file start27.txt (compact mmCIF, C-alpha atoms and all ligand atoms)
# COMPACT_ATOMS: atom_id res chain seq x y z
CA MET A 1 11.11 -16.25 -19.75
CA LEU A 2 13.66 -14.67 -17.39
CA ASN A 3 15.38 -16.66 -14.64
CA PHE A 4 13.73 -16.30 -11.28
CA ASN A 5 13.53 -17.41 -7.70
CA PHE A 6 10.07 -17.66 -6.14
CA GLN A 7 9.21 -18.33 -2.54
CA ASN A 8 6.11 -17.09 -0.75
CA PRO A 9 5.92 -18.56 2.74
CA THR A 10 3.01 -16.43 4.06
CA ASN A 11 0.39 -18.79 5.42
CA ILE A 12 -2.97 -17.48 4.15
CA HIS A 13 -6.19 -18.11 6.07
CA PHE A 14 -9.01 -17.10 3.75
CA GLY A 15 -12.71 -16.79 4.52
CA GLU A 16 -15.36 -15.73 7.01
CA GLY A 17 -14.58 -16.36 10.67
CA GLN A 18 -10.86 -16.97 10.08
CA ILE A 19 -9.64 -14.26 12.49
CA ALA A 20 -9.98 -16.82 15.29
CA VAL A 21 -6.98 -18.74 13.86
CA ILE A 22 -4.58 -16.14 15.27
CA ALA A 23 -5.04 -17.86 18.63
CA LYS A 24 -3.00 -20.73 17.18
CA GLU A 25 -0.82 -18.83 14.69
CA VAL A 26 0.74 -16.49 17.27
CA PRO A 27 3.00 -18.44 19.65
CA LEU A 28 1.56 -18.55 23.17
CA ASN A 29 4.80 -17.37 24.74
CA ALA A 30 5.05 -14.32 22.45
CA LYS A 31 4.80 -10.77 23.76
CA VAL A 32 2.56 -9.32 21.10
CA LEU A 33 2.12 -5.73 19.95
CA VAL A 34 -1.22 -5.29 18.17
CA VAL A 35 -0.84 -2.37 15.74
CA TYR A 36 -3.73 -0.66 14.01
CA GLY A 37 -4.82 2.59 12.39
CA GLY A 38 -7.34 5.29 13.15
CA GLY A 39 -10.06 3.14 14.65
CA SER A 40 -12.04 1.53 11.81
CA VAL A 41 -11.21 -1.82 13.40
CA LYS A 42 -13.03 -0.79 16.55
CA SER A 43 -16.25 0.27 14.82
CA ASN A 44 -16.49 -2.77 12.51
CA GLY A 45 -15.89 -5.43 15.17
CA VAL A 46 -12.52 -6.65 13.86
CA TYR A 47 -10.67 -5.39 16.96
CA GLN A 48 -13.02 -7.35 19.22
CA GLN A 49 -12.47 -10.54 17.22
CA VAL A 50 -8.70 -10.07 17.52
CA ILE A 51 -8.86 -9.41 21.25
CA ASP A 52 -11.09 -12.47 21.75
CA ALA A 53 -8.63 -14.64 19.82
CA LEU A 54 -5.72 -13.33 21.93
CA SER A 55 -7.40 -14.10 25.26
CA GLU A 56 -4.57 -16.48 26.26
CA HIS A 57 -1.76 -14.20 25.02
CA ILE A 58 0.11 -11.30 26.57
CA PHE A 59 -0.40 -8.32 24.30
CA PHE A 60 -0.02 -4.55 24.11
CA GLU A 61 -1.41 -2.03 21.62
CA PHE A 62 -0.08 0.68 19.34
CA SER A 63 -2.66 2.64 17.33
CA GLY A 64 -2.84 5.74 15.17
CA ILE A 65 -0.97 4.53 12.08
CA GLU A 66 -2.26 6.88 9.41
CA PRO A 67 -2.93 6.24 5.71
CA ASN A 68 0.47 6.64 3.98
CA PRO A 69 2.18 5.88 7.31
CA THR A 70 4.76 8.35 8.53
CA TYR A 71 8.19 7.75 9.97
CA ASP A 72 7.42 10.01 12.94
CA THR A 73 4.35 7.99 13.97
CA LEU A 74 6.00 4.61 13.41
CA MET A 75 9.12 5.46 15.40
CA LYS A 76 6.92 6.05 18.47
CA ALA A 77 6.26 2.30 18.58
CA GLN A 78 9.92 1.66 19.44
CA GLU A 79 9.39 2.90 23.02
CA ILE A 80 6.79 0.26 23.86
CA ILE A 81 8.75 -2.44 22.01
CA LYS A 82 11.80 -1.76 24.22
CA ALA A 83 9.86 -1.20 27.44
CA GLU A 84 7.78 -4.39 27.12
CA ASN A 85 10.26 -6.63 25.27
CA ILE A 86 7.83 -7.09 22.40
CA ASP A 87 8.79 -9.98 20.14
CA TYR A 88 5.80 -10.30 17.76
CA LEU A 89 3.80 -7.75 15.76
CA LEU A 90 0.17 -8.26 14.79
CA ALA A 91 -0.91 -5.75 12.13
CA VAL A 92 -4.68 -5.21 11.94
CA GLY A 93 -5.77 -2.96 9.08
CA GLY A 94 -5.12 -1.96 5.49
CA GLY A 95 -1.87 -1.64 3.56
CA SER A 96 -0.76 1.36 5.60
CA VAL A 97 -0.94 -0.54 8.88
CA VAL A 98 0.77 -3.62 7.44
CA ASP A 99 3.47 -1.46 5.79
CA GLY A 100 3.85 0.45 9.05
CA ALA A 101 4.30 -2.79 11.00
CA LYS A 102 7.03 -3.82 8.56
CA PHE A 103 8.98 -0.63 9.17
CA ILE A 104 8.49 -0.96 12.94
CA ALA A 105 9.70 -4.59 12.72
CA ALA A 106 12.86 -3.64 10.82
CA ALA A 107 13.60 -0.47 12.80
CA ALA A 108 13.54 -2.47 16.07
CA PHE A 109 16.86 -4.09 15.13
CA PHE A 110 18.38 -1.48 12.84
CA GLU A 111 22.00 -0.76 13.63
CA GLY A 112 23.00 1.15 10.53
CA ASN A 113 26.30 0.64 8.84
CA VAL A 114 28.36 1.30 11.98
CA GLU A 115 29.91 -2.09 12.84
CA GLY A 116 28.67 -3.38 16.18
CA SER A 117 27.25 -0.05 17.29
CA SER A 118 23.84 1.57 17.14
CA GLU A 119 25.34 5.04 17.69
CA GLY A 120 24.02 7.59 15.25
CA SER A 121 22.02 5.08 13.20
CA ASP A 122 18.67 6.16 11.80
CA PRO A 123 16.20 3.54 10.55
CA TRP A 124 15.15 6.05 7.86
CA ASP A 125 18.33 4.91 6.09
CA ILE A 126 16.51 1.63 5.31
CA LEU A 127 14.48 3.73 2.85
CA ALA A 128 16.62 6.75 2.08
CA LYS A 129 19.88 4.82 1.60
CA GLN A 130 18.29 1.43 0.89
CA GLN A 131 20.34 -0.08 3.73
CA ALA A 132 19.78 -3.79 4.11
CA VAL A 133 17.43 -5.13 6.77
CA THR A 134 19.36 -7.83 8.65
CA LYS A 135 16.83 -8.74 11.30
CA ALA A 136 13.16 -7.96 11.96
CA LEU A 137 10.39 -8.84 14.38
CA PRO A 138 7.98 -11.51 13.10
CA ILE A 139 4.69 -10.14 11.75
CA GLY A 140 1.18 -11.54 11.38
CA ALA A 141 -1.44 -9.59 9.39
CA ILE A 142 -5.22 -9.31 9.69
CA LEU A 143 -6.12 -7.56 6.45
CA THR A 144 -9.13 -5.23 6.36
CA LEU A 145 -8.66 -3.56 2.96
CA PRO A 146 -7.82 -5.56 -0.18
CA ALA A 147 -5.47 -3.46 -2.31
CA THR A 148 -1.73 -3.51 -1.75
CA GLY A 149 -0.81 -7.19 -1.41
CA SER A 150 1.25 -6.08 1.60
CA GLU A 151 -0.22 -8.97 3.62
CA SER A 152 1.92 -11.46 1.72
CA ASN A 153 4.83 -9.51 0.28
CA GLY A 154 8.01 -7.97 1.66
CA ASN A 155 7.33 -4.40 0.53
CA SER A 156 6.61 -1.32 2.59
CA VAL A 157 6.18 2.37 1.79
CA VAL A 158 6.84 5.04 4.43
CA THR A 159 6.62 8.83 4.28
CA ARG A 160 8.83 11.39 6.01
CA ASP A 161 8.47 15.14 5.39
CA GLY A 162 6.63 14.56 2.10
CA ASN A 163 9.22 12.02 0.91
CA LYS A 164 7.38 8.77 0.23
CA LEU A 165 9.87 5.93 -0.22
CA PRO A 166 9.66 2.14 -0.58
CA PHE A 167 11.82 -0.61 0.89
CA SER A 168 11.70 -4.34 0.52
CA SER A 169 12.98 -7.32 2.49
CA PRO A 170 11.92 -10.96 2.79
CA LEU A 171 12.44 -10.55 6.55
CA VAL A 172 9.34 -8.35 6.87
CA ARG A 173 6.98 -10.54 4.87
CA PRO A 174 4.11 -11.54 7.19
CA LEU A 175 4.39 -15.12 8.46
CA PHE A 176 0.65 -15.47 8.16
CA ALA A 177 -2.26 -13.39 6.93
CA VAL A 178 -5.98 -13.59 7.62
CA LEU A 179 -8.19 -12.56 4.70
CA ASP A 180 -11.84 -12.46 5.74
CA PRO A 181 -13.86 -10.85 2.93
CA SER A 182 -16.71 -10.00 5.33
CA VAL A 183 -14.54 -7.43 7.14
CA THR A 184 -14.40 -5.42 3.90
CA LEU A 185 -18.16 -4.72 4.08
CA SER A 186 -17.50 -1.68 6.27
CA LEU A 187 -15.25 -0.02 3.66
CA SER A 188 -16.40 3.24 2.10
CA ASP A 189 -16.95 3.28 -1.67
CA ARG A 190 -13.82 5.41 -1.96
CA GLN A 191 -11.64 2.75 -0.27
CA ILE A 192 -13.23 -0.08 -2.28
CA SER A 193 -12.45 1.82 -5.48
CA ASN A 194 -8.94 2.57 -4.35
CA GLY A 195 -8.29 -1.08 -3.58
CA VAL A 196 -9.59 -2.42 -6.91
CA VAL A 197 -7.63 0.18 -8.87
CA ASP A 198 -4.41 -0.40 -6.91
CA ALA A 199 -4.61 -4.17 -7.54
CA PHE A 200 -5.38 -3.56 -11.23
CA VAL A 201 -2.35 -1.32 -11.64
CA HIS A 202 -0.09 -3.76 -9.73
CA THR A 203 -1.02 -6.37 -12.30
CA ILE A 204 -0.43 -3.98 -15.20
CA GLU A 205 3.01 -2.96 -13.85
CA GLN A 206 4.12 -6.61 -14.14
CA TYR A 207 2.28 -7.40 -17.40
CA LEU A 208 2.32 -4.40 -19.72
CA THR A 209 6.04 -4.39 -20.55
CA TYR A 210 7.60 -6.45 -23.37
CA SER A 211 7.07 -10.09 -24.13
CA VAL A 212 9.45 -12.76 -22.81
CA ASN A 213 7.00 -15.52 -23.72
CA GLY A 214 5.96 -15.95 -20.08
CA LYS A 215 2.66 -17.60 -20.94
CA VAL A 216 1.68 -18.62 -17.41
CA GLN A 217 2.47 -15.20 -15.96
CA ASP A 218 0.61 -13.44 -18.79
CA ARG A 219 -2.49 -15.58 -18.45
CA PHE A 220 -2.54 -15.27 -14.65
CA SER A 221 -2.31 -11.50 -15.08
CA GLU A 222 -5.06 -11.41 -17.70
CA GLY A 223 -7.27 -13.46 -15.36
CA LEU A 224 -6.69 -11.01 -12.53
CA LEU A 225 -7.36 -7.98 -14.74
CA GLN A 226 -10.59 -9.51 -16.05
CA THR A 227 -11.73 -10.44 -12.54
CA LEU A 228 -11.13 -6.91 -11.28
CA ILE A 229 -12.91 -5.41 -14.31
CA GLU A 230 -15.92 -7.72 -13.73
CA GLU A 231 -16.15 -7.66 -9.94
CA GLY A 232 -14.85 -4.17 -9.04
CA PRO A 233 -17.90 -2.20 -10.22
CA LYS A 234 -20.23 -4.73 -8.52
CA ALA A 235 -18.80 -3.71 -5.13
CA LEU A 236 -20.07 -0.16 -5.74
CA VAL A 237 -23.70 -0.77 -6.73
CA PRO A 238 -26.40 -1.42 -4.08
CA ALA A 239 -27.69 -4.66 -5.64
CA THR A 240 -24.33 -6.46 -5.37
CA LYS A 241 -22.12 -4.48 -3.01
CA GLU A 242 -22.85 -6.69 0.00
CA ASN A 243 -22.25 -9.90 -1.95
CA LEU A 244 -19.49 -11.83 -0.21
CA ASP A 245 -18.45 -13.65 -3.39
CA VAL A 246 -17.79 -10.30 -5.02
CA ARG A 247 -15.72 -9.23 -2.01
CA ALA A 248 -13.87 -12.56 -1.91
CA ASN A 249 -12.91 -12.35 -5.59
CA ILE A 250 -11.65 -8.80 -5.16
CA MET A 251 -9.72 -9.70 -2.01
CA TRP A 252 -7.97 -12.72 -3.51
CA SER A 253 -7.20 -10.82 -6.74
CA ALA A 254 -5.51 -8.05 -4.76
CA THR A 255 -3.33 -10.53 -2.86
CA MET A 256 -2.41 -12.48 -6.00
CA ALA A 257 -1.59 -9.27 -7.87
CA LEU A 258 1.39 -8.52 -5.65
CA ASN A 259 2.54 -11.66 -3.86
CA GLY A 260 5.44 -12.28 -6.24
CA LEU A 261 3.75 -14.90 -8.43
CA ILE A 262 2.80 -12.98 -11.59
CA GLY A 263 6.02 -10.95 -11.52
CA ALA A 264 8.39 -13.93 -11.34
CA GLY A 265 10.33 -14.37 -14.57
CA VAL A 266 8.93 -11.34 -16.40
CA PRO A 267 10.11 -7.72 -16.79
CA GLN A 268 8.43 -5.18 -14.49
CA ASP A 269 7.63 -1.51 -15.05
CA TRP A 270 6.59 0.36 -11.82
CA SER A 271 6.95 3.82 -13.40
CA THR A 272 3.27 4.60 -12.70
CA HIS A 273 3.87 3.83 -9.02
CA MET A 274 7.07 5.85 -8.70
CA ILE A 275 5.52 8.92 -10.34
CA GLY A 276 2.35 8.35 -8.31
CA HIS A 277 4.29 8.29 -5.02
CA GLU A 278 5.47 11.85 -5.75
CA LEU A 279 1.85 12.95 -6.25
CA THR A 280 0.95 11.51 -2.85
CA GLY A 281 4.08 12.91 -1.17
CA ALA A 282 3.63 16.41 -2.58
CA PHE A 283 -0.17 16.76 -2.67
CA GLY A 284 -1.59 14.05 -0.41
CA ILE A 285 -3.61 12.34 -3.16
CA ASP A 286 -4.74 8.77 -2.31
CA HIS A 287 -2.26 6.19 -3.64
CA ALA A 288 -4.69 4.50 -6.07
CA ARG A 289 -5.96 7.83 -7.37
CA THR A 290 -2.43 8.81 -8.38
CA LEU A 291 -2.23 5.54 -10.34
CA SER A 292 -5.50 6.06 -12.22
CA ILE A 293 -4.20 9.49 -13.27
CA VAL A 294 -0.70 8.39 -14.31
CA LEU A 295 -1.32 4.97 -15.93
CA PRO A 296 -3.37 6.10 -18.98
CA ALA A 297 -0.67 8.70 -19.71
CA VAL A 298 2.09 6.07 -19.39
CA MET A 299 0.17 3.86 -21.85
CA LYS A 300 -0.10 6.73 -24.34
CA VAL A 301 3.48 7.99 -24.06
CA ARG A 302 5.03 4.48 -24.08
CA LYS A 303 2.80 3.13 -26.86
CA GLU A 304 5.72 2.21 -29.14
CA GLN A 305 7.80 0.51 -26.42
CA LYS A 306 4.76 -1.42 -25.14
CA ARG A 307 3.15 -2.03 -28.55
CA GLU A 308 3.20 -5.83 -28.54
CA LYS A 309 1.82 -6.15 -25.00
CA LEU A 310 -0.75 -3.39 -25.56
CA LEU A 311 -2.10 -5.38 -28.51
CA GLN A 312 -2.21 -8.55 -26.39
CA TYR A 313 -3.96 -6.58 -23.62
CA ALA A 314 -6.49 -5.21 -26.15
CA SER A 315 -7.36 -8.62 -27.52
CA ARG A 316 -7.20 -10.85 -24.44
CA VAL A 317 -8.45 -8.53 -21.69
CA TRP A 318 -10.88 -6.35 -23.67
CA GLN A 319 -11.66 -8.72 -26.58
CA ILE A 320 -10.94 -6.01 -29.15
CA THR A 321 -10.57 -7.65 -32.56
CA GLU A 322 -11.56 -4.91 -35.00
CA GLY A 323 -9.44 -2.14 -36.52
CA ASP A 324 -5.74 -1.66 -37.23
CA ASP A 325 -3.08 -1.95 -34.54
CA ASN A 326 -3.19 1.72 -33.54
CA ALA A 327 -6.98 1.79 -33.34
CA ARG A 328 -7.04 -1.33 -31.17
CA ILE A 329 -4.43 0.08 -28.79
CA ASP A 330 -6.28 3.41 -28.55
CA GLN A 331 -9.52 1.58 -27.81
CA ALA A 332 -7.87 -0.49 -25.07
CA ILE A 333 -6.53 2.69 -23.44
CA SER A 334 -10.00 4.33 -23.64
CA LEU A 335 -11.62 1.26 -22.09
CA THR A 336 -9.05 1.36 -19.27
CA GLU A 337 -10.00 4.99 -18.62
CA GLU A 338 -13.70 4.09 -18.74
CA PHE A 339 -13.10 1.32 -16.20
CA PHE A 340 -11.39 3.81 -13.87
CA GLU A 341 -14.30 6.23 -14.32
CA LYS A 342 -16.74 3.44 -13.48
CA MET A 343 -14.65 2.85 -10.34
CA GLN A 344 -15.14 6.57 -9.57
CA VAL A 345 -11.44 7.50 -9.54
CA PRO A 346 -9.88 10.47 -11.36
CA THR A 347 -8.02 9.99 -14.66
CA ARG A 348 -6.53 13.48 -15.10
CA LEU A 349 -4.40 15.82 -12.98
CA SER A 350 -7.07 18.47 -13.58
CA ASP A 351 -9.60 16.18 -11.84
CA VAL A 352 -7.62 16.71 -8.62
CA ASN A 353 -7.10 20.44 -9.27
CA LEU A 354 -3.49 20.20 -10.41
CA SER A 355 -2.14 22.03 -13.46
CA SER A 356 1.02 22.37 -15.55
CA ASN A 357 2.40 24.68 -12.82
CA ASP A 358 2.68 21.69 -10.48
CA ILE A 359 4.78 19.49 -12.77
CA ASP A 360 8.15 21.11 -11.97
CA LEU A 361 7.82 20.24 -8.28
CA LEU A 362 7.03 16.60 -9.13
CA LEU A 363 10.07 16.38 -11.39
CA GLU A 364 12.29 17.92 -8.72
CA ARG A 365 11.10 15.26 -6.27
CA LEU A 366 11.67 12.45 -8.79
CA ALA A 367 15.23 13.73 -9.33
CA GLN A 368 15.82 14.05 -5.60
CA HIS A 369 14.68 10.43 -5.07
CA GLY A 370 16.86 9.07 -7.88
CA MET A 371 13.83 8.21 -10.03
CA THR A 372 15.55 9.17 -13.26
CA ALA A 373 15.63 5.84 -15.11
CA LEU A 374 12.21 4.27 -14.61
CA GLY A 375 10.32 1.52 -16.41
CA GLU A 376 11.05 -2.01 -17.61
CA GLN A 377 13.97 -0.78 -19.72
CA SER A 378 15.15 1.88 -17.22
CA ASP A 379 14.73 4.39 -20.04
CA ILE A 380 12.05 6.71 -18.61
CA THR A 381 14.17 9.78 -17.99
CA LEU A 382 12.97 12.92 -16.25
CA ALA A 383 12.15 14.36 -19.69
CA ILE A 384 9.85 11.39 -20.39
CA SER A 385 8.28 11.65 -16.93
CA ARG A 386 7.53 15.29 -17.81
CA GLU A 387 5.89 14.11 -21.02
CA ILE A 388 3.81 11.58 -19.05
CA LEU A 389 2.68 14.17 -16.49
CA THR A 390 1.89 16.66 -19.27
CA LYS A 391 -0.18 14.01 -21.04
CA ALA A 392 -2.07 13.45 -17.74
CA LEU A 393 -3.13 17.12 -17.39
O1 LIG B 401 -6.97 3.84 9.82
P1 LIG B 401 -8.27 3.15 9.85
O2 LIG B 401 -9.22 3.72 10.82
O3 LIG B 401 -8.14 1.66 9.96
O4 LIG B 401 -9.00 3.44 8.43
C1 LIG B 401 -8.49 3.04 7.17
C2 LIG B 401 -7.89 4.22 6.40
O5 LIG B 401 -8.47 5.42 6.76
C3 LIG B 401 -9.64 2.61 6.32
N1 LIG B 401 -9.99 1.20 6.45
C4 LIG B 401 -9.18 0.11 6.33
N2 LIG B 401 -9.91 -1.03 6.44
C5 LIG B 401 -11.20 -0.66 6.68
C6 LIG B 401 -11.25 0.76 6.68
N3 LIG B 401 -12.39 1.43 6.88
C7 LIG B 401 -13.51 0.70 7.08
N4 LIG B 401 -13.54 -0.65 7.06
C8 LIG B 401 -12.41 -1.36 6.85
N5 LIG B 401 -12.47 -2.70 6.77
O6 LIG B 401 -9.19 2.82 4.99
C9 LIG B 401 -8.31 3.94 4.97
C10 LIG B 401 -7.16 3.66 4.04
O7 LIG B 401 -6.36 2.60 4.55
P2 LIG B 401 -4.90 2.31 3.98
O8 LIG B 401 -4.32 1.21 4.77
O9 LIG B 401 -4.14 3.59 3.87
O10 LIG B 401 -5.21 1.85 2.47
P3 LIG B 401 -4.44 0.86 1.53
O11 LIG B 401 -4.64 -0.55 1.93
O12 LIG B 401 -4.86 1.25 0.17
O13 LIG B 401 -2.89 1.17 1.75
C11 LIG B 401 -2.27 2.26 1.10
C12 LIG B 401 -0.80 2.32 1.47
O14 LIG B 401 -0.10 1.17 0.98
C13 LIG B 401 1.02 1.58 0.18
C14 LIG B 401 0.54 2.88 -0.39
O15 LIG B 401 1.59 3.66 -0.90
C15 LIG B 401 -0.13 3.51 0.82
O16 LIG B 401 0.83 4.08 1.68
N6 LIG B 401 1.38 0.53 -0.78
C16 LIG B 401 1.97 -0.60 -0.32
C17 LIG B 401 2.38 -1.61 -1.15
C18 LIG B 401 3.01 -2.83 -0.64
N7 LIG B 401 3.28 -2.92 0.66
O17 LIG B 401 3.31 -3.76 -1.40
C19 LIG B 401 2.23 -1.52 -2.62
C20 LIG B 401 1.29 -0.45 -3.03
O18 LIG B 401 1.62 -0.09 -4.36
C21 LIG B 401 1.28 0.77 -2.20
O19 LIG B 401 2.35 1.65 -2.56
ZN ZN B 402 0.04 0.29 -5.47

call {"tool": "encode", "arguments": {"input": "start27.txt", "output": "structure tokens"}}
result
Amino acid sequence: MLNFNFQNPTNIHFGEGQIAVIAKEVPLNAKVLVVYGGGSVKSNGVYQQVIDALSEHIFFEFSGIEPNPTYDTLMKAQEIIKAENIDYLLAVGGGSVVDGAKFIAAAAFFEGNVEGSSEGSDPWDILAKQQAVTKALPIGAILTLPATGSESNGNSVVTRDGNKLPFSSPLVRPLFAVLDPSVTLSLSDRQISNGVVDAFVHTIEQYLTYSVNGKVQDRFSEGLLQTLIEEGPKALVPATKENLDVRANIMWSATMALNGLIGAGVPQDWSTHMIGHELTGAFGIDHARTLSIVLPAVMKVRKEQKREKLLQYASRVWQITEGDDNARIDQAISLTEEFFEKMQVPTRLSDVNLSSNDIDLLLERLAQHGMTALGEQSDITLAISREILTKAL
């Protein structure tokens, strides 16, 4: 096992009716900015529950954070933060809203690398130049879409002019998060699928690498993968889609998949995500749908490097015991693709009307963003990314 440090201080409130706890979680003397997206929270009653819980607080609102939140939208929040002396952010929504709140929180104090001066500094440097976040507004999260794990991690992904870039800081990790599975009942099938697939691929990125004998991490990961394989499809069929236990298992899996626990002390890949971000940035494809296209190709192209873990995945997650090593690996990859198909997400670039003509642009973007040594061994060069994208056609 590798050395690691693990601390996850986000206070999780899980279950039906838990939104009311924000009345106590948010300090009474805080000046709160409630941030949300395009309005789903108003039609499903979540907004009303938040407003009711904040009846004793002073709060303002900032809405319109779009899926794959953009720099331009998020920077608009700075005006109200300055004008009203906001000192607490309450993010109400999916990963995009929580990620957006994180960037808003960090940008509020960003001074750039100019000592003691804010002249000429641009918070975009937090992403583009990976400049350190030194201070951020505190954040609380009311999660409405289980997928990203953003509610209890320090990661955020922001887009500017088609450039979709991540940043990470413990200072933007939500102090608390409310996870009420009943608020996910208003999700469309497309968003349910996206969430299950995103959580599945988060787990794979931290599991399907090379073995360091991290038995606890491996078995946690295998448990999450099996839970998502069992429960994900149930959330799409009429007989079980309203079942709150199904929703609860999906919601907790998604949080556990990216809250730092399963990735502590083991190598991590993330090549599927980095290539996927270029597909979203260039062509606007939903985040999870880029992952379901790229991951099977990564498994095929990196079969030799991932051999030992692919065999473990085949036997422990899919219970494949027959055939030689290659046959078992191929079967595990096919079953992964079948699972994605069952979740109604694409598994090929051609499924989203992209062809070999589009690959050059994606490689240019990867080069431009410094994504030239990806994967757990930093050995996925641009040439190998081309091979992966070609395999995904
Ligand atoms: O904007 P509203 O009206 O709220 O509608 C949203 C949005 O249109 C809707 N929605 C959310 N909760 C709902 C709901 N509709 C009905 N009922 C509800 N309960 O769903 C749509 C998609 O929401 P979004 O927040 O974009 O989805 P998701 O949670 O999948 O977040 C995706 C973003 O997270 C980033 C992705 O790159 C993408 O930008 N990621 C963040 C990560 C992190 N912070 O750790 C890791 C991930 O790998 C990922 O990169
Ligand atoms: Zn993801």

call {"tool": "residues_near_ligand", "arguments": {"input": "start27.txt", "ligand": "ligand ZN 402 (chain B)", "cutoff": "8 Å", "atoms": "all atoms listed in the file", "output": "PDB file with C-alpha atoms, keeping the file's coordinate frame"}}
result
ATOM      1  CA  ALA A 147      -5.470  -3.460  -2.310  1.00  0.00           C
ATOM      2  CA  THR A 148      -1.730  -3.510  -1.750  1.00  0.00           C
ATOM      3  CA  ASP A 198      -4.410  -0.400  -6.910  1.00  0.00           C
ATOM      4  CA  ALA A 199      -4.610  -4.170  -7.540  1.00  0.00           C
ATOM      5  CA  VAL A 201      -2.350  -1.320 -11.640  1.00  0.00           C
ATOM      6  CA  HIS A 202      -0.090  -3.760  -9.730  1.00  0.00           C
ATOM      7  CA  HIS A 273       3.870   3.830  -9.020  1.00  0.00           C
ATOM      8  CA  HIS A 287      -2.260   6.190  -3.640  1.00  0.00           C
ATOM      9  CA  ALA A 288      -4.690   4.500  -6.070  1.00  0.00           C
ATOM     10  CA  LEU A 291      -2.230   5.540 -10.340  1.00  0.00           C
TER      11      LEU A 291
END

call {"tool": "residues_around", "arguments": {"input": "start27.txt", "residues": "Arg173 (chain A)", "least_positions_apart": "2", "cutoff": "7 Å", "atoms": "all atoms listed in the file", "output": "ChimeraX atom specification"}}
result
/A:152-154,170-171,175

call {"tool": "residues_near_ligand", "arguments": {"input": "start27.txt", "ligand": "ligand LIG 401 (chain B)", "cutoff": "6 Å", "atoms": "all atoms listed in the file", "output": "PDB file with C-alpha atoms, keeping the file's coordinate frame"}}
result
ATOM      1  CA  GLY A  37      -4.820   2.590  12.390  1.00  0.00           C
ATOM      2  CA  GLY A  38      -7.340   5.290  13.150  1.00  0.00           C
ATOM      3  CA  GLY A  39     -10.060   3.140  14.650  1.00  0.00           C
ATOM      4  CA  SER A  40     -12.040   1.530  11.810  1.00  0.00           C
ATOM      5  CA  VAL A  41     -11.210  -1.820  13.400  1.00  0.00           C
ATOM      6  CA  GLU A  66      -2.260   6.880   9.410  1.00  0.00           C
ATOM      7  CA  PRO A  67      -2.930   6.240   5.710  1.00  0.00           C
ATOM      8  CA  ASN A  68       0.470   6.640   3.980  1.00  0.00           C
ATOM      9  CA  GLY A  93      -5.770  -2.960   9.080  1.00  0.00           C
ATOM     10  CA  GLY A  94      -5.120  -1.960   5.490  1.00  0.00           C
ATOM     11  CA  GLY A  95      -1.870  -1.640   3.560  1.00  0.00           C
ATOM     12  CA  SER A  96      -0.760   1.360   5.600  1.00  0.00           C
ATOM     13  CA  VAL A  97      -0.940  -0.540   8.880  1.00  0.00           C
ATOM     14  CA  ASP A  99       3.470  -1.460   5.790  1.00  0.00           C
ATOM     15  CA  THR A 144      -9.130  -5.230   6.360  1.00  0.00           C
ATOM     16  CA  LEU A 145      -8.660  -3.560   2.960  1.00  0.00           C
ATOM     17  CA  ALA A 147      -5.470  -3.460  -2.310  1.00  0.00           C
ATOM     18  CA  THR A 148      -1.730  -3.510  -1.750  1.00  0.00           C
ATOM     19  CA  GLY A 149      -0.810  -7.190  -1.410  1.00  0.00           C
ATOM     20  CA  SER A 150       1.250  -6.080   1.600  1.00  0.00           C
ATOM     21  CA  ASN A 155       7.330  -4.400   0.530  1.00  0.00           C
ATOM     22  CA  SER A 156       6.610  -1.320   2.590  1.00  0.00           C
ATOM     23  CA  VAL A 157       6.180   2.370   1.790  1.00  0.00           C
ATOM     24  CA  VAL A 183     -14.540  -7.430   7.140  1.00  0.00           C
ATOM     25  CA  THR A 184     -14.400  -5.420   3.900  1.00  0.00           C
ATOM     26  CA  SER A 186     -17.500  -1.680   6.270  1.00  0.00           C
ATOM     27  CA  LEU A 187     -15.250  -0.020   3.660  1.00  0.00           C
ATOM     28  CA  GLN A 191     -11.640   2.750  -0.270  1.00  0.00           C
ATOM     29  CA  GLY A 195      -8.290  -1.080  -3.580  1.00  0.00           C
ATOM     30  CA  HIS A 287      -2.260   6.190  -3.640  1.00  0.00           C
TER      31      HIS A 287
END

call {"tool": "closest_atom_pairs", "arguments": {"input": "start27.txt", "of": "region 172-203 of chain A", "to": "region 237-250 of chain A", "cutoff": "7 Å", "atoms": "all atoms listed in the file", "output": "CSV"}}
result
residue,atom,partner,partner_atom,distance
A:Pro181,CA,A:Ala248,CA,5.1
A:Ser182,CA,A:Leu244,CA,6.5
A:Leu185,CA,A:Glu242,CA,6.5
A:Val196,CA,A:Ile250,CA,6.9

call {"tool": "write_last_selection", "arguments": {"input": "start27.txt", "atoms": "C-alpha atoms", "output": "short mmCIF file (atom, residue, chain, number, x, y, z; two decimals), keeping the file's coordinate frame"}}
result
data_model
loop_
_atom_site.label_atom_id
_atom_site.label_comp_id
_atom_site.auth_asym_id
_atom_site.auth_seq_id
_atom_site.Cartn_x
_atom_site.Cartn_y
_atom_site.Cartn_z
CA PRO A 181 -13.86 -10.85 2.93
CA SER A 182 -16.71 -10.00 5.33
CA LEU A 185 -18.16 -4.72 4.08
CA VAL A 196 -9.59 -2.42 -6.91
#

call {"tool": "atom_distance", "arguments": {"input": "start27.txt", "atom1": "CA of His13 (chain A)", "atom2": "CA of Lys135 (chain A)"}}
result
25.4 Å
